[in-house]
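What follows is the content of run22.pdb (PDB, C-alpha atoms, pLDDT in the B column).
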ATOM      1  CA  LYS A 145     -27.077  -1.039  13.401  1.00 60.00           C
ATOM      2  CA  GLY A 146     -24.758   0.811  11.028  1.00 74.00           C
ATOM      3  CA  LEU A 147     -21.697  -1.299  11.792  1.00 88.00           C
ATOM      4  CA  SER A 148     -23.555  -4.640  11.814  1.00 91.00           C
ATOM      5  CA  HIS A 149     -25.053  -3.726   8.417  1.00 93.00           C
ATOM      6  CA  PHE A 150     -21.543  -2.875   7.191  1.00 93.00           C
ATOM      7  CA  TYR A 151     -20.228  -6.281   8.318  1.00 95.00           C
ATOM      8  CA  GLU A 152     -23.104  -8.017   6.509  1.00 95.00           C
ATOM      9  CA  LYS A 153     -22.256  -6.154   3.286  1.00 96.00           C
ATOM     10  CA  TYR A 154     -18.549  -6.841   3.780  1.00 97.00           C
ATOM     11  CA  ASP A 155     -19.193 -10.571   4.139  1.00 96.00           C
ATOM     12  CA  GLU A 156     -21.204 -10.468   0.892  1.00 97.00           C
ATOM     13  CA  ILE A 157     -18.357  -8.624  -0.881  1.00 97.00           C
ATOM     14  CA  LEU A 158     -15.808 -11.190   0.340  1.00 97.00           C
ATOM     15  CA  GLU A 159     -17.795 -13.989  -1.301  1.00 97.00           C
ATOM     16  CA  ARG A 160     -17.231 -12.473  -4.756  1.00 96.00           C
ATOM     17  CA  SER A 161     -13.806 -10.814  -4.342  1.00 97.00           C
ATOM     18  CA  THR A 162     -10.178 -11.821  -4.730  1.00 97.00           C
ATOM     19  CA  ILE A 163      -8.644  -8.535  -3.489  1.00 98.00           C
ATOM     20  CA  ILE A 164      -9.821  -5.987  -0.898  1.00 98.00           C
ATOM     21  CA  CYS A 165      -8.305  -2.492  -0.680  1.00 96.00           C
ATOM     22  CA  ALA A 166      -8.806  -0.462   2.490  1.00 95.00           C
ATOM     23  CA  SER A 167      -7.599   3.132   2.476  1.00 90.00           C
ATOM     24  CA  GLY A 168      -7.848   6.104   4.759  1.00 87.00           C
ATOM     25  CA  SER A 169      -8.513   7.137   8.337  1.00 89.00           C
ATOM     26  CA  LEU A 170     -11.452   5.960  10.432  1.00 90.00           C
ATOM     27  CA  SER A 171     -14.507   7.860  11.649  1.00 88.00           C
ATOM     28  CA  GLN A 172     -14.323   8.889  15.316  1.00 84.00           C
ATOM     29  CA  ASN A 173     -16.830   6.283  16.495  1.00 88.00           C
ATOM     30  CA  ILE A 174     -15.012   3.344  14.850  1.00 93.00           C
ATOM     31  CA  GLU A 175     -12.637   1.197  16.920  1.00 94.00           C
ATOM     32  CA  ASP A 176      -8.957   1.310  15.919  1.00 95.00           C
ATOM     33  CA  ASN A 177      -8.858  -2.469  15.443  1.00 96.00           C
ATOM     34  CA  ILE A 178     -11.541  -2.654  12.724  1.00 96.00           C
ATOM     35  CA  TYR A 179      -9.038  -3.145   9.897  1.00 97.00           C
ATOM     36  CA  LYS A 180      -7.531  -6.062  11.849  1.00 97.00           C
ATOM     37  CA  GLU A 181     -10.985  -7.679  11.999  1.00 97.00           C
ATOM     38  CA  LEU A 182     -11.590  -7.061   8.289  1.00 97.00           C
ATOM     39  CA  ILE A 183      -8.192  -8.545   7.380  1.00 98.00           C
ATOM     40  CA  ASP A 184      -8.870 -11.645   9.505  1.00 97.00           C
ATOM     41  CA  LYS A 185     -12.233 -12.134   7.772  1.00 97.00           C
ATOM     42  CA  ALA A 186     -10.638 -11.698   4.321  1.00 98.00           C
ATOM     43  CA  LYS A 187      -7.872 -14.193   5.075  1.00 97.00           C
ATOM     44  CA  GLU A 188     -10.427 -16.785   6.201  1.00 97.00           C
ATOM     45  CA  LYS A 189     -11.913 -16.542   2.698  1.00 97.00           C
ATOM     46  CA  GLY A 190      -8.523 -16.534   0.941  1.00 97.00           C
ATOM     47  CA  VAL A 191      -8.967 -12.904  -0.154  1.00 98.00           C
ATOM     48  CA  MET A 192      -5.868 -10.722  -0.514  1.00 98.00           C
ATOM     49  CA  PHE A 193      -5.984  -7.526   1.601  1.00 98.00           C
ATOM     50  CA  LEU A 194      -4.151  -4.268   0.758  1.00 98.00           C
ATOM     51  CA  LEU A 195      -4.064  -1.793   3.662  1.00 98.00           C
ATOM     52  CA  ASP A 196      -3.254   1.904   3.375  1.00 96.00           C
ATOM     53  CA  THR A 197      -3.906   3.734   6.626  1.00 95.00           C
ATOM     54  CA  SER A 198      -1.933   5.257   9.503  1.00 94.00           C
ATOM     55  CA  GLY A 199      -1.572   5.443  13.287  1.00 95.00           C
ATOM     56  CA  MET A 200      -3.097   2.803  15.542  1.00 96.00           C
ATOM     57  CA  PRO A 201      -5.443   1.378  12.862  1.00 96.00           C
ATOM     58  CA  LEU A 202      -2.318   0.544  10.820  1.00 97.00           C
ATOM     59  CA  LYS A 203      -0.486  -0.856  13.844  1.00 96.00           C
ATOM     60  CA  TYR A 204      -3.433  -3.121  14.717  1.00 97.00           C
ATOM     61  CA  GLY A 205      -3.964  -4.019  11.062  1.00 97.00           C
ATOM     62  CA  ILE A 206      -0.381  -5.237  10.720  1.00 97.00           C
ATOM     63  CA  GLU A 207      -1.012  -7.720  13.548  1.00 96.00           C
ATOM     64  CA  ALA A 208      -3.367  -9.553  11.157  1.00 97.00           C
ATOM     65  CA  ALA A 209      -0.651  -9.592   8.425  1.00 97.00           C
ATOM     66  CA  PRO A 210      -2.390  -8.091   5.382  1.00 98.00           C
ATOM     67  CA  PHE A 211      -0.794  -8.928   2.035  1.00 98.00           C
ATOM     68  CA  LEU A 212       0.434  -5.344   1.455  1.00 98.00           C
ATOM     69  CA  ILE A 213       0.868  -2.094   3.381  1.00 98.00           C
ATOM     70  CA  LYS A 214       1.973   1.301   2.048  1.00 97.00           C
ATOM     71  CA  PRO A 215       3.255   3.507   4.882  1.00 96.00           C
ATOM     72  CA  ASN A 216       5.014   6.782   4.206  1.00 94.00           C
ATOM     73  CA  LYS A 217       8.211   7.735   6.030  1.00 94.00           C
ATOM     74  CA  GLU A 218       6.381   9.278   9.008  1.00 95.00           C
ATOM     75  CA  GLU A 219       4.110   6.241   9.375  1.00 95.00           C
ATOM     76  CA  LEU A 220       7.120   3.908   9.186  1.00 96.00           C
ATOM     77  CA  ALA A 221       8.826   5.915  11.944  1.00 96.00           C
ATOM     78  CA  PHE A 222       5.692   5.609  14.096  1.00 95.00           C
ATOM     79  CA  LEU A 223       5.431   1.862  13.514  1.00 95.00           C
ATOM     80  CA  THR A 224       9.061   1.081  14.279  1.00 93.00           C
ATOM     81  CA  GLY A 225       9.892   3.792  16.821  1.00 93.00           C
ATOM     82  CA  ARG A 226      12.937   4.764  14.767  1.00 89.00           C
ATOM     83  CA  ALA A 227      14.162   8.196  13.675  1.00 90.00           C
ATOM     84  CA  LEU A 228      14.405   7.988   9.874  1.00 94.00           C
ATOM     85  CA  GLU A 229      16.904  10.496   8.538  1.00 92.00           C
ATOM     86  CA  THR A 230      18.764   8.488   5.882  1.00 92.00           C
ATOM     87  CA  GLU A 231      17.954   5.774   3.369  1.00 91.00           C
ATOM     88  CA  SER A 232      19.831   3.326   5.615  1.00 93.00           C
ATOM     89  CA  ASP A 233      17.506   4.258   8.499  1.00 94.00           C
ATOM     90  CA  ILE A 234      14.503   3.533   6.264  1.00 95.00           C
ATOM     91  CA  ILE A 235      15.961   0.183   5.183  1.00 94.00           C
ATOM     92  CA  TYR A 236      16.629  -0.874   8.787  1.00 93.00           C
ATOM     93  CA  ALA A 237      13.072   0.124   9.746  1.00 95.00           C
ATOM     94  CA  ILE A 238      11.659  -1.889   6.830  1.00 95.00           C
ATOM     95  CA  ARG A 239      13.741  -4.862   7.985  1.00 92.00           C
ATOM     96  CA  ASP A 240      12.118  -4.538  11.423  1.00 91.00           C
ATOM     97  CA  LEU A 241       8.687  -4.499   9.809  1.00 93.00           C
ATOM     98  CA  MET A 242       9.464  -7.514   7.601  1.00 92.00           C
ATOM     99  CA  LYS A 243       9.185  -9.675  10.745  1.00 91.00           C
ATOM    100  CA  SER A 244       5.437  -8.906  10.864  1.00 91.00           C
ATOM    101  CA  ARG A 245       4.433 -11.470   8.164  1.00 93.00           C
ATOM    102  CA  VAL A 246       3.165  -8.693   5.868  1.00 96.00           C
ATOM    103  CA  GLN A 247       4.253  -9.942   2.437  1.00 96.00           C
ATOM    104  CA  VAL A 248       4.710  -6.613   0.635  1.00 98.00           C
ATOM    105  CA  ILE A 249       5.808  -3.364   2.289  1.00 98.00           C
ATOM    106  CA  VAL A 250       5.923  -0.266   0.091  1.00 98.00           C
ATOM    107  CA  VAL A 251       7.297   2.861   1.764  1.00 97.00           C
ATOM    108  CA  SER A 252       6.280   5.830  -0.363  1.00 92.00           C
ATOM    109  CA  LEU A 253       8.774   8.701  -0.418  1.00 92.00           C
ATOM    110  CA  GLY A 254       6.912  11.246  -2.567  1.00 86.00           C
ATOM    111  CA  SER A 255       9.073  12.693  -5.343  1.00 86.00           C
ATOM    112  CA  GLU A 256      11.888  10.326  -4.295  1.00 91.00           C
ATOM    113  CA  GLY A 257       9.851   7.288  -5.322  1.00 93.00           C
ATOM    114  CA  ALA A 258       9.622   4.376  -2.907  1.00 96.00           C
ATOM    115  CA  ILE A 259      11.488   1.578  -1.191  1.00 97.00           C
ATOM    116  CA  ALA A 260       9.695  -1.747  -1.142  1.00 98.00           C
ATOM    117  CA  ALA A 261      10.190  -5.176   0.391  1.00 97.00           C
ATOM    118  CA  TYR A 262       8.855  -8.529  -0.763  1.00 96.00           C
ATOM    119  CA  LYS A 263       9.883 -11.733   0.976  1.00 89.00           C
ATOM    120  CA  ASP A 264      13.658 -11.345   1.464  1.00 87.00           C
ATOM    121  CA  THR A 265      14.252  -8.755  -1.255  1.00 94.00           C
ATOM    122  CA  LEU A 266      14.346  -4.964  -1.052  1.00 96.00           C
ATOM    123  CA  TYR A 267      13.681  -2.725  -4.046  1.00 97.00           C
ATOM    124  CA  ARG A 268      14.281   0.945  -4.770  1.00 97.00           C
ATOM    125  CA  VAL A 269      11.615   2.464  -7.032  1.00 97.00           C
ATOM    126  CA  LYS A 270      13.038   5.444  -8.944  1.00 97.00           C
ATOM    127  CA  ILE A 271      10.507   7.728 -10.611  1.00 95.00           C
ATOM    128  CA  PRO A 272      10.751  10.407 -13.309  1.00 93.00           C
ATOM    129  CA  LYS A 273      10.560  14.074 -12.367  1.00 90.00           C
ATOM    130  CA  ILE A 274       7.138  15.517 -13.190  1.00 86.00           C
ATOM    131  CA  LYS A 275       5.328  18.779 -12.641  1.00 84.00           C
ATOM    132  CA  THR A 276       2.885  17.942  -9.850  1.00 84.00           C
ATOM    133  CA  VAL A 277      -0.570  19.467 -10.288  1.00 85.00           C
ATOM    134  CA  ASN A 278      -2.543  17.829  -7.456  1.00 85.00           C
ATOM    135  CA  PRO A 279      -0.935  15.042  -5.379  1.00 84.00           C
ATOM    136  CA  VAL A 280      -4.104  14.388  -3.348  1.00 85.00           C
ATOM    137  CA  GLY A 281      -5.318  10.866  -4.057  1.00 86.00           C
ATOM    138  CA  SER A 282      -2.000   9.635  -5.459  1.00 89.00           C
ATOM    139  CA  GLY A 283      -1.628   7.096  -2.654  1.00 89.00           C
ATOM    140  CA  ASP A 284      -5.110   5.749  -3.374  1.00 92.00           C
ATOM    141  CA  ALA A 285      -4.316   5.595  -7.102  1.00 94.00           C
ATOM    142  CA  MET A 286      -1.124   3.706  -6.279  1.00 95.00           C
ATOM    143  CA  ILE A 287      -3.015   1.151  -4.167  1.00 96.00           C
ATOM    144  CA  GLY A 288      -5.615   0.792  -6.935  1.00 96.00           C
ATOM    145  CA  GLY A 289      -2.801   0.196  -9.415  1.00 97.00           C
ATOM    146  CA  PHE A 290      -1.290  -2.473  -7.176  1.00 98.00           C
ATOM    147  CA  ALA A 291      -4.675  -4.213  -6.970  1.00 97.00           C
ATOM    148  CA  VAL A 292      -5.139  -4.178 -10.763  1.00 97.00           C
ATOM    149  CA  ALA A 293      -1.601  -5.483 -11.280  1.00 98.00           C
ATOM    150  CA  LEU A 294      -2.076  -8.295  -8.743  1.00 97.00           C
ATOM    151  CA  ASN A 295      -5.408  -9.212 -10.316  1.00 97.00           C
ATOM    152  CA  LYS A 296      -3.620  -9.486 -13.675  1.00 97.00           C
ATOM    153  CA  GLY A 297      -0.969 -11.757 -12.159  1.00 97.00           C
ATOM    154  CA  TYR A 298       1.942  -9.318 -12.470  1.00 97.00           C
ATOM    155  CA  ASN A 299       5.164 -10.177 -10.667  1.00 97.00           C
ATOM    156  CA  ILE A 300       6.333  -7.966  -7.792  1.00 97.00           C
ATOM    157  CA  GLU A 301       8.510  -5.661  -9.915  1.00 97.00           C
ATOM    158  CA  ASP A 302       5.801  -5.084 -12.520  1.00 98.00           C
ATOM    159  CA  MET A 303       3.260  -4.542  -9.731  1.00 98.00           C
ATOM    160  CA  LEU A 304       5.493  -1.844  -8.211  1.00 98.00           C
ATOM    161  CA  ILE A 305       5.927  -0.180 -11.606  1.00 98.00           C
ATOM    162  CA  TYR A 306       2.225  -0.217 -12.484  1.00 98.00           C
ATOM    163  CA  GLY A 307       1.015   1.045  -9.105  1.00 97.00           C
ATOM    164  CA  THR A 308       3.665   3.775  -8.992  1.00 97.00           C
ATOM    165  CA  ALA A 309       2.781   4.877 -12.538  1.00 96.00           C
ATOM    166  CA  CYS A 310      -0.881   5.194 -11.475  1.00 96.00           C
ATOM    167  CA  GLY A 311       0.141   7.341  -8.494  1.00 94.00           C
ATOM    168  CA  ILE A 312       2.243   9.619 -10.696  1.00 95.00           C
ATOM    169  CA  SER A 313      -0.555   9.934 -13.242  1.00 95.00           C
ATOM    170  CA  ASN A 314      -2.974  11.070 -10.519  1.00 94.00           C
ATOM    171  CA  ALA A 315      -0.512  13.774  -9.389  1.00 92.00           C
ATOM    172  CA  LYS A 316      -0.677  15.285 -12.883  1.00 90.00           C
ATOM    173  CA  GLN A 317      -4.464  15.695 -12.842  1.00 88.00           C
ATOM    174  CA  THR A 318      -6.398  18.658 -11.478  1.00 86.00           C
ATOM    175  CA  LYS A 319      -9.121  16.376 -10.104  1.00 89.00           C
ATOM    176  CA  THR A 320      -8.483  13.884  -7.306  1.00 86.00           C
ATOM    177  CA  GLY A 321      -8.435  10.140  -7.997  1.00 85.00           C
ATOM    178  CA  ILE A 322      -8.114  10.389 -11.772  1.00 88.00           C
ATOM    179  CA  ILE A 323      -5.528   8.630 -13.913  1.00 91.00           C
ATOM    180  CA  ASP A 324      -4.776   8.774 -17.631  1.00 90.00           C
ATOM    181  CA  THR A 325      -4.035   5.319 -19.061  1.00 93.00           C
ATOM    182  CA  ASP A 326      -1.697   6.761 -21.708  1.00 94.00           C
ATOM    183  CA  ASP A 327       0.244   8.531 -18.945  1.00 94.00           C
ATOM    184  CA  VAL A 328       0.391   5.303 -16.947  1.00 96.00           C
ATOM    185  CA  LYS A 329       1.983   3.487 -19.905  1.00 96.00           C
ATOM    186  CA  LYS A 330       4.428   6.351 -20.471  1.00 96.00           C
ATOM    187  CA  PHE A 331       5.495   6.566 -16.823  1.00 96.00           C
ATOM    188  CA  ALA A 332       5.730   2.777 -16.498  1.00 96.00           C
ATOM    189  CA  ASN A 333       8.489   2.884 -19.121  1.00 97.00           C
ATOM    190  CA  GLN A 334      10.369   5.556 -17.134  1.00 97.00           C
ATOM    191  CA  ILE A 335      10.245   3.940 -13.687  1.00 97.00           C
ATOM    192  CA  ILE A 336      13.381   2.052 -12.672  1.00 97.00           C
ATOM    193  CA  ILE A 337      13.396  -0.789 -10.136  1.00 97.00           C
ATOM    194  CA  GLU A 338      16.692  -1.618  -8.454  1.00 96.00           C
ATOM    195  CA  GLU A 339      17.319  -4.469  -6.028  1.00 95.00           C
ATOM    196  CA  LEU A 340      18.965  -3.366  -2.787  1.00 91.00           C
ATOM    197  CA  SER A 341      21.101  -5.502  -0.542  1.00 74.00           C
ATOM    198  CA  ILE A 342      19.525  -6.036   2.873  1.00 62.00           C
TER     199      ILE A 342
END
What would the structure in this file look like if it were written as structure tokens?
Amino acid sequence: KGLSHFYEKYDEILERSTIICASGSLSQNIEDNIYKELIDKAKEKGVMFLLDTSGMPLKYGIEAAPFLIKPNKEELAFLTGRALETESDIIYAIRDLMKSRVQVIVVSLGSEGAIAAYKDTLYRVKIPKIKTVNPVGSGDAMIGGFAVALNKGYNIEDMLIYGTACGISNAKQTKTGIIDTDDVKKFANQIIIEELSI
């Protein structure tokens, strides 16, 4: 009953949504392919889906080609079966993943920023050095920032800047999942986006 009730609620949410964000690991009794099903349902309704998970749920989810995924280096290595020791390794692995029809791939690299891909372009996201207080929830804040930016019609570079600034802001807070809008504006001005050759 629990899962069928969830699907009913999800279908209701899809009717009034333009973007769905799904983050985190699954409960033990949930099948690994549930995100794939949710993405398929969202795409039928023309709803953009942002997926931030790991392991098999991510692998299955990618089969349904969500709009955006945000793996870290370890998750990218798992997905592509590559050892990722250098930036070149990461870029080659992203190129592998670009064949999956996922439109935006953001590989978060912690204090080293991120490398992202959109269509045929790769970007390096360089971030300012900050004193990290509590990084827990920064990935969720980043995904939330991406969703807000997409909802506002930002282009890909501005979306990367805004989402990254939200993630950095969260890392400065003692509580999890909190951002400071003044910090977000400040960090957005300090983040540098560089195009990389593929």
Got a sec to resolve the PyMOL selection byres ((chain A and resi 310-326) around 6) on this structure and send the residues as a VMD selection string? chain A and resid 276 to 282 285 to 286 289 307 to 309 327 to 329
Point-to-point distance in Å for CA of Asp284 in chain A and CA of Lys189 in chain A: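 CA of Asp284 in chain A lies 24.1 Å from CA of Lys189 in chain A.
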If we count only C-alpha atoms, what is near range 297-300 of chain A at a cut-off of 10 Å, once residues fewer than 3 positions away on the same chain are taken out, given as an MDAnalysis selection string? chainID A and resid 248 260:262 267 290:294 303:306
Suppose you want the space between CA of Ser161 in chain A and CA of Asp196 in chain A; what is it in Å?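 Going from CA of Ser161 in chain A over to CA of Asp196 in chain A covers 18.2 Å.
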Taking the file as shown, what set of residues would the PyMOL selection byres ((chain A and resi 207) around 10) give back, as an MDAnalysis selection string? chainID A and resid 177 179:180 183:184 202:206 208:210 244:246
On this structure, the PyMOL selection byres ((chain A and resi 146-151) around 12) would catch which residues? List them as a PyMOL selection string, sorted by chain and number. chain A and resi 145+152-158+171+173-175+178-179+181-182+185-186
Shell of 6 Å around Ile163 in chain A, only C-alpha atoms, local chain residues under 2 positions omitted, as a ChimeraX atom specification: /A:161,191-193
Which value, in Å to one decimal, gives the distance between CA of Lys270 in chain A and CA of Asp302 in chain A?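 Pair CA of Lys270 in chain A / CA of Asp302 in chain A returns 13.3 Å.
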Distance query Ile259 in chain A at most 7 Å, only C-alpha atoms, self and fewer than 4 positions along chain excluded, as a list in words: Val250, Val251, Ser252, Tyr267, Arg268 and Val269 of chain A
Measuring between only C-alpha atoms, which one of A:Glu256, A:Asp176, A:Glu338, A:Glu229 shows the shortest distance to Gly199 in chain A?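 Closest candidate: A:Asp176.
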Using only C-alpha atoms, the shortest atom-to-atom distance to Ile238 in chain A among A:Pro272, A:Gly257, A:Thr265, A:Thr162 belongs to A:Thr265
Return the single residue from A:Ile213, A:Met242, A:Ile164, A:Leu253 that is closest to Leu195 in chain A, with distances computed using only C-alpha atoms.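 Result for the nearest residue to Leu195 in chain A: A:Ile213.
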